[in-house]
$ cat upload.txt   # compact mmCIF, C-alpha atoms and all ligand atoms
# COMPACT_ATOMS: atom_id res chain seq x y z
CA MET A 1368 12.24 -36.44 -8.58
CA LYS A 1369 12.08 -33.53 -11.01
CA GLN A 1370 8.53 -32.76 -9.83
CA GLN A 1371 9.72 -32.66 -6.20
CA THR A 1372 12.52 -30.24 -7.10
CA ASP A 1373 10.08 -28.03 -9.02
CA ALA A 1374 7.69 -27.97 -6.06
CA ARG A 1375 10.47 -27.05 -3.64
CA GLU A 1376 11.63 -24.30 -5.97
CA THR A 1377 8.07 -22.97 -6.25
CA VAL A 1378 7.75 -22.85 -2.45
CA ARG A 1379 11.15 -21.20 -2.13
CA MET A 1380 10.28 -18.55 -4.70
CA PHE A 1381 6.84 -17.85 -3.25
CA ASP A 1382 8.19 -17.59 0.31
CA GLN A 1383 10.90 -15.28 -0.88
CA ILE A 1384 8.48 -12.99 -2.73
CA ALA A 1385 5.97 -12.86 0.14
CA ARG A 1386 8.56 -12.48 2.91
CA THR A 1387 10.64 -9.83 1.19
CA ARG A 1388 7.80 -7.55 0.10
CA ARG A 1389 8.11 -4.43 2.21
CA SER A 1390 6.56 -0.98 2.16
CA ILE A 1391 9.09 1.14 0.28
CA ARG A 1392 9.20 4.88 0.94
CA GLY A 1393 11.66 6.18 -1.64
CA PHE A 1394 11.62 5.48 -5.38
CA LEU A 1395 13.74 6.08 -8.47
CA PRO A 1396 12.12 8.14 -11.26
CA ASP A 1397 12.28 5.29 -13.83
CA PRO A 1398 8.78 4.38 -15.05
CA VAL A 1399 7.52 0.80 -15.25
CA ALA A 1400 7.02 -0.45 -18.82
CA ALA A 1401 3.39 -0.43 -19.97
CA ALA A 1402 3.47 -4.17 -20.79
CA THR A 1403 4.72 -4.97 -17.27
CA LEU A 1404 1.99 -2.82 -15.75
CA GLU A 1405 -0.63 -4.73 -17.71
CA GLN A 1406 0.83 -8.06 -16.63
CA VAL A 1407 0.85 -7.30 -12.90
CA PHE A 1408 -2.69 -5.94 -12.94
CA ALA A 1409 -3.86 -8.96 -14.96
CA THR A 1410 -2.25 -11.34 -12.43
CA ALA A 1411 -3.77 -9.45 -9.48
CA ALA A 1412 -7.23 -10.04 -10.95
CA PHE A 1413 -6.92 -13.76 -10.21
CA ALA A 1414 -7.77 -12.96 -6.58
CA PRO A 1415 -10.81 -14.72 -5.12
CA SER A 1416 -13.94 -12.73 -4.29
CA ASN A 1417 -17.35 -13.38 -2.75
CA CYS A 1418 -19.56 -14.83 -5.55
CA ASN A 1419 -16.81 -13.87 -8.01
CA THR A 1420 -18.05 -10.27 -7.94
CA GLN A 1421 -14.49 -8.89 -8.41
CA PRO A 1422 -15.47 -5.62 -6.73
CA TRP A 1423 -12.12 -3.88 -7.22
CA GLN A 1424 -11.44 -1.01 -9.59
CA SER A 1425 -7.91 0.33 -10.07
CA HIS A 1426 -6.98 3.76 -11.42
CA VAL A 1427 -3.28 4.12 -12.21
CA VAL A 1428 -1.83 7.61 -12.50
CA SER A 1429 1.56 8.55 -13.99
CA GLY A 1430 3.16 11.64 -15.53
CA ALA A 1431 1.33 14.98 -15.45
CA VAL A 1432 -1.81 13.69 -13.75
CA ARG A 1433 0.31 12.10 -11.01
CA ASP A 1434 2.12 15.41 -10.47
CA ARG A 1435 -1.17 17.34 -10.43
CA LEU A 1436 -2.69 15.05 -7.80
CA SER A 1437 0.41 15.39 -5.63
CA ARG A 1438 0.09 19.20 -5.76
CA ILE A 1439 -3.62 19.02 -4.99
CA PHE A 1440 -3.01 16.70 -2.02
CA MET A 1441 -0.44 19.13 -0.62
CA ASP A 1442 -3.18 21.80 -0.59
CA THR A 1443 -5.92 19.56 0.76
CA ILE A 1444 -4.62 16.61 2.83
CA GLY A 1445 -1.43 18.51 3.67
CA GLN A 1446 -3.56 21.33 5.14
CA GLY A 1447 -5.92 19.02 7.02
CA LYS A 1448 -8.76 19.33 4.46
CA HIS A 1449 -10.19 15.85 4.08
CA SER A 1450 -12.88 14.10 2.04
CA LEU A 1451 -12.83 10.47 3.13
CA ASP A 1452 -15.19 7.82 1.78
CA TYR A 1453 -14.39 5.49 4.67
CA PRO A 1454 -13.62 7.27 7.94
CA TYR A 1455 -10.56 6.13 9.86
CA GLU A 1456 -12.17 5.07 13.10
CA ALA A 1457 -9.68 2.59 14.53
CA ARG A 1458 -8.34 3.40 17.99
CA TYR A 1459 -5.37 1.15 18.58
CA ALA A 1460 -4.77 -0.13 22.09
CA GLY A 1461 -2.62 -2.74 23.82
CA GLU A 1462 -0.44 -4.87 21.57
CA TYR A 1463 -1.90 -3.19 18.48
CA ARG A 1464 -0.87 0.24 19.72
CA LYS A 1465 2.59 -1.12 20.56
CA ARG A 1466 3.04 -2.45 17.02
CA GLN A 1467 1.93 0.92 15.62
CA LEU A 1468 4.38 2.81 17.83
CA ASP A 1469 7.22 0.36 17.10
CA VAL A 1470 7.01 0.81 13.33
CA GLY A 1471 6.82 4.60 13.77
CA ILE A 1472 9.97 4.57 15.90
CA LEU A 1473 11.73 2.37 13.34
CA LEU A 1474 10.87 4.76 10.50
CA TYR A 1475 11.77 7.96 12.38
CA GLN A 1476 15.06 6.45 13.54
CA ALA A 1477 15.95 5.56 9.94
CA LEU A 1478 15.07 9.10 8.85
CA GLY A 1479 17.02 10.63 11.75
CA VAL A 1480 13.89 12.31 13.12
CA ALA A 1481 14.03 12.80 16.89
CA ARG A 1482 11.03 12.28 19.21
CA ASP A 1483 10.35 16.01 19.64
CA ASP A 1484 11.21 17.03 16.06
CA LYS A 1485 7.77 18.20 14.90
CA GLU A 1486 9.12 19.68 11.66
CA GLY A 1487 10.93 16.42 10.80
CA LYS A 1488 7.76 14.44 11.47
CA ARG A 1489 5.75 16.78 9.25
CA ARG A 1490 8.31 16.41 6.45
CA ALA A 1491 8.10 12.62 6.79
CA PHE A 1492 4.29 12.86 6.62
CA LEU A 1493 4.36 15.07 3.51
CA ARG A 1494 6.58 12.54 1.73
CA ASN A 1495 3.40 10.45 1.55
CA LEU A 1496 1.76 13.15 -0.56
CA GLU A 1497 4.79 13.28 -2.86
CA PHE A 1498 4.18 9.56 -3.33
CA PHE A 1499 7.74 9.07 -2.02
CA ASP A 1500 8.82 10.15 -5.55
CA ALA A 1501 7.24 7.06 -7.10
CA PRO A 1502 6.44 7.52 -10.81
CA HIS A 1503 3.10 5.73 -10.46
CA VAL A 1504 0.22 5.56 -8.02
CA VAL A 1505 -2.76 3.23 -8.15
CA PHE A 1506 -5.97 4.35 -6.46
CA ILE A 1507 -8.10 1.45 -5.26
CA PHE A 1508 -11.86 1.88 -5.54
CA MET A 1509 -14.92 -0.28 -4.93
CA PRO A 1510 -18.61 0.37 -5.70
CA ASP A 1511 -20.69 2.06 -3.00
CA TRP A 1512 -22.86 -1.04 -2.38
CA CYS A 1513 -19.82 -2.89 -1.00
CA GLY A 1514 -19.47 -3.78 2.66
CA ILE A 1515 -16.77 -5.32 4.79
CA ARG A 1516 -16.88 -8.65 2.93
CA GLU A 1517 -16.19 -7.01 -0.41
CA ALA A 1518 -13.50 -4.85 1.19
CA CYS A 1519 -11.81 -8.13 2.16
CA ASP A 1520 -11.99 -9.21 -1.51
CA VAL A 1521 -10.29 -5.97 -2.48
CA GLY A 1522 -7.59 -6.57 0.14
CA MET A 1523 -6.84 -9.96 -1.42
CA TYR A 1524 -6.63 -8.35 -4.84
CA VAL A 1525 -4.25 -5.70 -3.55
CA GLN A 1526 -1.96 -8.25 -1.92
CA ASN A 1527 -1.90 -10.21 -5.20
CA LEU A 1528 -1.02 -6.97 -6.94
CA MET A 1529 1.84 -6.08 -4.59
CA LEU A 1530 3.27 -9.62 -4.75
CA ALA A 1531 3.03 -9.65 -8.57
CA MET A 1532 4.88 -6.33 -8.53
CA ARG A 1533 7.49 -7.76 -6.18
CA ALA A 1534 8.03 -10.70 -8.54
CA HIS A 1535 8.80 -8.15 -11.28
CA GLY A 1536 11.19 -6.23 -9.02
CA ILE A 1537 8.68 -3.40 -8.54
CA ALA A 1538 8.40 -1.91 -5.06
CA SER A 1539 5.22 -0.50 -3.51
CA CYS A 1540 3.80 1.33 -0.51
CA PRO A 1541 0.10 1.03 0.32
CA GLN A 1542 -1.06 4.36 1.78
CA THR A 1543 -4.28 4.99 3.66
CA ILE A 1544 -3.47 8.70 3.60
CA LEU A 1545 -3.97 8.73 -0.18
CA GLY A 1546 -7.65 8.02 0.45
CA TYR A 1547 -8.08 11.24 2.44
CA ASP A 1548 -9.15 13.36 -0.54
CA ALA A 1549 -11.46 11.07 -2.48
CA ASP A 1550 -13.39 13.99 -4.03
CA SER A 1551 -10.30 15.39 -5.78
CA VAL A 1552 -9.28 11.96 -7.10
CA ARG A 1553 -12.78 11.38 -8.50
CA ARG A 1554 -12.88 14.87 -10.04
CA GLU A 1555 -9.39 14.73 -11.61
CA LEU A 1556 -9.86 11.19 -12.99
CA ASP A 1557 -13.53 11.64 -13.94
CA ILE A 1558 -14.69 8.77 -11.76
CA ASP A 1559 -18.36 8.23 -10.98
CA ALA A 1560 -19.58 9.30 -7.54
CA THR A 1561 -20.80 5.74 -6.89
CA MET A 1562 -17.19 4.50 -6.82
CA LYS A 1563 -15.60 4.82 -3.38
CA LEU A 1564 -11.90 5.22 -2.67
CA LEU A 1565 -10.20 2.93 -0.17
CA PHE A 1566 -6.54 3.94 -0.45
CA GLY A 1567 -3.65 4.45 -2.86
CA ILE A 1568 -0.42 2.57 -3.54
CA SER A 1569 2.71 4.34 -4.70
CA PHE A 1570 4.89 2.07 -6.81
CA GLY A 1571 7.95 1.93 -9.03
CA TYR A 1572 11.59 0.94 -8.61
CA GLU A 1573 13.10 1.22 -5.15
CA ASP A 1574 15.88 3.67 -4.39
CA PRO A 1575 18.06 1.14 -2.56
CA ASP A 1576 20.33 3.75 -0.96
CA LEU A 1577 17.71 5.42 1.23
CA PRO A 1578 17.82 4.62 4.97
CA GLU A 1579 14.00 4.55 5.19
CA ASN A 1580 14.05 1.64 2.78
CA GLN A 1581 16.22 -0.46 5.08
CA ILE A 1582 13.64 -0.91 7.84
CA VAL A 1583 12.10 -4.32 8.42
CA PRO A 1584 9.07 -4.06 10.74
CA GLU A 1585 8.84 -7.02 13.11
CA ARG A 1586 6.16 -9.67 12.86
CA ALA A 1587 4.46 -11.05 15.95
CA GLU A 1588 5.31 -14.58 17.04
CA LEU A 1589 3.40 -17.21 15.10
CA SER A 1590 1.81 -18.47 18.34
CA GLN A 1591 0.24 -15.03 18.87
CA LEU A 1592 -1.32 -15.03 15.43
CA VAL A 1593 -2.53 -18.56 14.83
CA GLN A 1594 -3.91 -21.38 16.92
CA PHE A 1595 -4.13 -24.89 15.55
CA HIS A 1596 -7.17 -26.68 17.00
CA THR A 1597 -7.20 -30.45 16.83
CA GLY A 1598 -9.41 -33.18 18.27
C1 LIG A 1601 -3.96 -0.49 3.79
C2 LIG A 1601 -2.63 0.02 4.24
C3 LIG A 1601 -2.44 1.39 4.42
C4 LIG A 1601 -1.19 1.90 4.79
N1 LIG A 1601 -1.01 3.27 4.88
C5 LIG A 1601 0.23 3.77 5.02
C6 LIG A 1601 0.45 5.18 4.89
O1 LIG A 1601 -0.48 5.98 4.71
N2 LIG A 1601 1.74 5.63 4.95
C7 LIG A 1601 2.80 4.77 5.14
O2 LIG A 1601 3.94 5.25 5.19
N3 LIG A 1601 2.61 3.43 5.27
C8 LIG A 1601 1.37 2.91 5.20
N4 LIG A 1601 1.16 1.54 5.26
C9 LIG A 1601 2.31 0.65 5.41
C10 LIG A 1601 2.36 -0.01 6.78
O3 LIG A 1601 2.94 0.88 7.69
C11 LIG A 1601 3.21 -1.31 6.64
O4 LIG A 1601 2.53 -2.21 5.82
C12 LIG A 1601 3.50 -1.99 7.98
O5 LIG A 1601 4.25 -1.14 8.81
C13 LIG A 1601 4.25 -3.30 7.77
O6 LIG A 1601 5.44 -3.05 7.05
P1 LIG A 1601 5.76 -3.73 5.64
O7 LIG A 1601 4.64 -3.39 4.68
O8 LIG A 1601 7.07 -3.13 5.23
O9 LIG A 1601 5.83 -5.21 5.86
C14 LIG A 1601 -0.10 1.01 5.00
C15 LIG A 1601 -0.32 -0.36 4.86
C16 LIG A 1601 -1.55 -0.86 4.49
C17 LIG A 1601 -1.75 -2.34 4.32
$ encode --input "upload.txt" --output "structure tokens"
Amino acid sequence: MKQQTDARETVRMFDQIARTRRSIRGFLPDPVAAATLEQVFATAAFAPSNCNTQPWQSHVVSGAVRDRLSRIFMDTIGQGKHSLDYPYEARYAGEYRKRQLDVGILLYQALGVARDDKEGKRRAFLRNLEFFDAPHVVFIFMPDWCGIREACDVGMYVQNLMLAMRAHGIASCPQTILGYDADSVRRELDIDATMKLLFGISFGYEDPDLPENQIVPERAELSQLVQFHTG
């Protein structure tokens, strides 16, 4: 009986953590304790990987180095100067394009940015480069020999990481745009040229009062995403 209750509680807690993780775009300045940081990154490392290669490499920035990278990004990414290790080639169409547009509308509505408000949209974009005021950013790298399979391993690691953070009450926002100036990140953090940058994740404690943190992007119907084949 006790075992059954424990199992139900485990499911309830896991569902709650996974279903309530959201991309948060406004943070309080309070830093995360060093011991908590170590714990979440240690938990994330329990992710599976092809042949147990564990091809992920995290670089966490806080304090002065975080501020310096934000300033650099404003001058590079903010001005359209890019150095991308993995080009963004996806062209969304059909239902994928609709989902992309829907989440954009949701975010701009929350921010009070009108359709034709170019300045408002630029401000919203630049918030990415301010890390949404998060006190920490983790840059996610993998070695240059990696392909799509290893990138999947890294994705599993990152999801573990964000869920471990969520369990500790730490909010996060994965950001492709933070991978748009890989050369500066490598230079500032003294990272070998053989390590390639996928993206960054701003994280810290959520500012619960911000309207942009209230949005809940829709998920497609289960029947659109999974088919159960039997017999
Ligand atoms: C790899 C990755 C990169 C992303 N890049 C950005 C980004 O550059 N800026 C941003 O505001 N959100 C970014 N997002 C957040 C997505 O918009 C978000 O995950 C999606 O809309 C679903 O919302 P949710 O995370 O709140 O469930 C990214 C998400 C992922 C997984």
$ closest_atom_pairs --input "upload.txt" --of "chain A" --to "ligand LIG 1601 (chain A)" --cutoff "6 Å" --atoms "all atoms listed in the file" --output "CSV"
residue,atom,partner,partner_atom,distance
A:Arg1389,CA,A:LIG1601,O8,3.4
A:Ser1390,CA,A:LIG1601,O8,3.8
A:Val1470,CA,A:LIG1601,O5,5.6
A:Pro1541,CA,A:LIG1601,C14,4.7
A:Gln1542,CA,A:LIG1601,N1,3.3
A:Thr1543,CA,A:LIG1601,N1,3.9
A:Ile1544,CA,A:LIG1601,O1,4.2
A:Pro1584,CA,A:LIG1601,O6,5.3
$ closest_atom_pairs --input "upload.txt" --of "range 1457-1516 of chain A" --to "range 1428-1434 of chain A" --cutoff "9 Å" --atoms "only C-alpha atoms" --output "Markdown table"
| residue | atom | partner | partner_atom | distance |
| --- | --- | --- | --- | --- |
| A:Glu1497 | CA | A:Asp1434 | CA | 8.3 |
| A:Phe1498 | CA | A:Arg1433 | CA | 9.0 |
| A:Pro1502 | CA | A:Ser1429 | CA | 5.9 |
| A:His1503 | CA | A:Ser1429 | CA | 4.8 |
| A:Val1504 | CA | A:Val1428 | CA | 5.3 |
| A:Val1505 | CA | A:Val1428 | CA | 6.2 |
| A:Phe1506 | CA | A:Val1428 | CA | 8.0 |
$ residues_around --input "upload.txt" --residues "Ala1587 in chain A" --least-positions-apart "4" --cutoff "9 Å" --atoms "all atoms listed in the file" --output "ChimeraX atom specification"
/A:1466,1591-1592
$ closest_residue --input "upload.txt" --among "A:Gly1571, A:Leu1577, A:Tyr1547, A:Phe1440" --to "Pro1454 in chain A" --atoms "only C-alpha atoms"
A:Tyr1547
$ atom_distance --input "upload.txt" --atom1 "CA of Asp1550 in chain A" --atom2 "CA of Ala1457 in chain A"
22.1 Å
$ atom_distance --input "upload.txt" --atom1 "CA of Leu1496 in chain A" --atom2 "CA of Trp1512 in chain A"
28.5 Å
$ closest_residue --input "upload.txt" --among "A:Lys1485, A:Arg1494, A:Lys1448, A:Arg1386" --to "Glu1585 in chain A" --atoms "only C-alpha atoms"
A:Arg1386
$ atom_distance --input "upload.txt" --atom1 "CA of Leu1474 in chain A" --atom2 "CA of Ala1538 in chain A"
17.1 Å
$ residues_around --input "upload.txt" --residues "range 1513-1526 of chain A" --least-positions-apart "4" --cutoff "6 Å" --atoms "only C-alpha atoms" --output "VMD selection string"
chain A and resid 1411 1414 1416 1423
$ write_last_selection --input "upload.txt" --atoms "C-alpha atoms" --output "PDB file, in the coordinates of the input"
ATOM      1  CA  ALA A1411      -3.770  -9.450  -9.480  1.00  0.00           C
ATOM      2  CA  ALA A1414      -7.770 -12.960  -6.580  1.00  0.00           C
ATOM      3  CA  SER A1416     -13.940 -12.730  -4.290  1.00  0.00           C
ATOM      4  CA  TRP A1423     -12.120  -3.880  -7.220  1.00  0.00           C
TER       5      TRP A1423
END
$ closest_residue --input "upload.txt" --among "A:Ala1402, A:Leu1395, A:Leu1530, A:Leu1451" --to "Phe1499 in chain A" --atoms "only C-alpha atoms"
A:Leu1395
$ residues_around --input "upload.txt" --residues "Ala1385 in chain A" --least-positions-apart "5" --cutoff "10 Å" --atoms "only C-alpha atoms" --output "list in words"
Met1380, Gln1526, Asn1527, Met1529, Leu1530, Ala1531, Arg1533 and Ala1534 of chain A
$ closest_residue --input "upload.txt" --among "A:Val1427, A:Ile1568, A:Ala1400, A:Ile1537" --to "Leu1556 in chain A" --atoms "all atoms listed in the file"
A:Val1427
$ decode --input "upload.txt" --residues "range 1413-1437 of chain A" --atoms "N, CA and C atoms" --output "tab-separated table (two decimals), in the first residue's frame"
chain	number	residue	atom	x	y	z
A	1413	PHE	N	23.22	12.45	-15.64
A	1413	PHE	CA	22.70	11.08	-15.69
A	1413	PHE	C	21.92	10.81	-16.97
A	1414	ALA	N	21.95	11.74	-17.90
A	1414	ALA	CA	21.29	11.55	-19.20
A	1414	ALA	C	21.95	10.40	-19.96
A	1415	PRO	N	21.15	9.71	-20.79
A	1415	PRO	CA	21.74	8.65	-21.62
A	1415	PRO	C	22.49	9.27	-22.80
A	1416	SER	N	23.42	8.51	-23.37
A	1416	SER	CA	24.10	8.99	-24.58
A	1416	SER	C	24.59	7.80	-25.39
A	1417	ASN	N	24.68	7.98	-26.69
A	1417	ASN	CA	25.18	6.91	-27.57
A	1417	ASN	C	26.53	6.41	-27.05
A	1418	CYS	N	26.61	5.10	-26.77
A	1418	CYS	CA	27.86	4.47	-26.28
A	1418	CYS	C	28.42	5.15	-25.03
A	1419	ASN	N	27.53	5.81	-24.29
A	1419	ASN	CA	27.93	6.50	-23.05
A	1419	ASN	C	29.05	7.51	-23.27
A	1420	THR	N	29.04	8.15	-24.43
A	1420	THR	CA	30.11	9.11	-24.76
A	1420	THR	C	29.99	10.41	-23.98
A	1421	GLN	N	28.77	10.73	-23.49
A	1421	GLN	CA	28.54	11.96	-22.71
A	1421	GLN	C	29.18	13.17	-23.41
A	1422	PRO	N	28.70	13.46	-24.61
A	1422	PRO	CA	29.41	14.46	-25.43
A	1422	PRO	C	29.08	15.92	-25.11
A	1423	TRP	N	28.50	16.17	-23.94
A	1423	TRP	CA	28.13	17.54	-23.58
A	1423	TRP	C	29.23	18.20	-22.76
A	1424	GLN	N	29.32	19.48	-22.88
A	1424	GLN	CA	30.28	20.28	-22.11
A	1424	GLN	C	29.58	21.60	-21.78
A	1425	SER	N	29.43	21.88	-20.49
A	1425	SER	CA	28.71	23.09	-20.07
A	1425	SER	C	29.70	24.14	-19.56
A	1426	HIS	N	29.47	25.38	-19.92
A	1426	HIS	CA	30.26	26.49	-19.38
A	1426	HIS	C	29.29	27.49	-18.77
A	1427	VAL	N	29.35	27.63	-17.46
A	1427	VAL	CA	28.41	28.50	-16.74
A	1427	VAL	C	29.08	29.84	-16.48
A	1428	VAL	N	28.40	30.92	-16.86
A	1428	VAL	CA	28.96	32.25	-16.60
A	1428	VAL	C	28.04	33.02	-15.64
A	1429	SER	N	28.67	33.76	-14.73
A	1429	SER	CA	27.97	34.59	-13.74
A	1429	SER	C	28.83	35.84	-13.55
A	1430	GLY	N	28.28	36.81	-12.84
A	1430	GLY	CA	29.06	37.99	-12.44
A	1430	GLY	C	29.63	38.77	-13.61
A	1431	ALA	N	30.91	39.19	-13.46
A	1431	ALA	CA	31.53	40.10	-14.43
A	1431	ALA	C	31.62	39.48	-15.82
A	1432	VAL	N	31.91	38.20	-15.90
A	1432	VAL	CA	32.07	37.57	-17.21
A	1432	VAL	C	30.72	37.48	-17.93
A	1433	ARG	N	29.68	37.27	-17.15
A	1433	ARG	CA	28.31	37.27	-17.70
A	1433	ARG	C	27.99	38.65	-18.28
A	1434	ASP	N	28.31	39.69	-17.51
A	1434	ASP	CA	28.03	41.07	-17.95
A	1434	ASP	C	28.84	41.40	-19.21
A	1435	ARG	N	30.10	40.97	-19.22
A	1435	ARG	CA	30.96	41.25	-20.38
A	1435	ARG	C	30.41	40.59	-21.64
A	1436	LEU	N	29.99	39.34	-21.51
A	1436	LEU	CA	29.45	38.64	-22.69
A	1436	LEU	C	28.17	39.30	-23.20
A	1437	SER	N	27.35	39.78	-22.27
A	1437	SER	CA	26.12	40.47	-22.68
A	1437	SER	C	26.47	41.71	-23.51
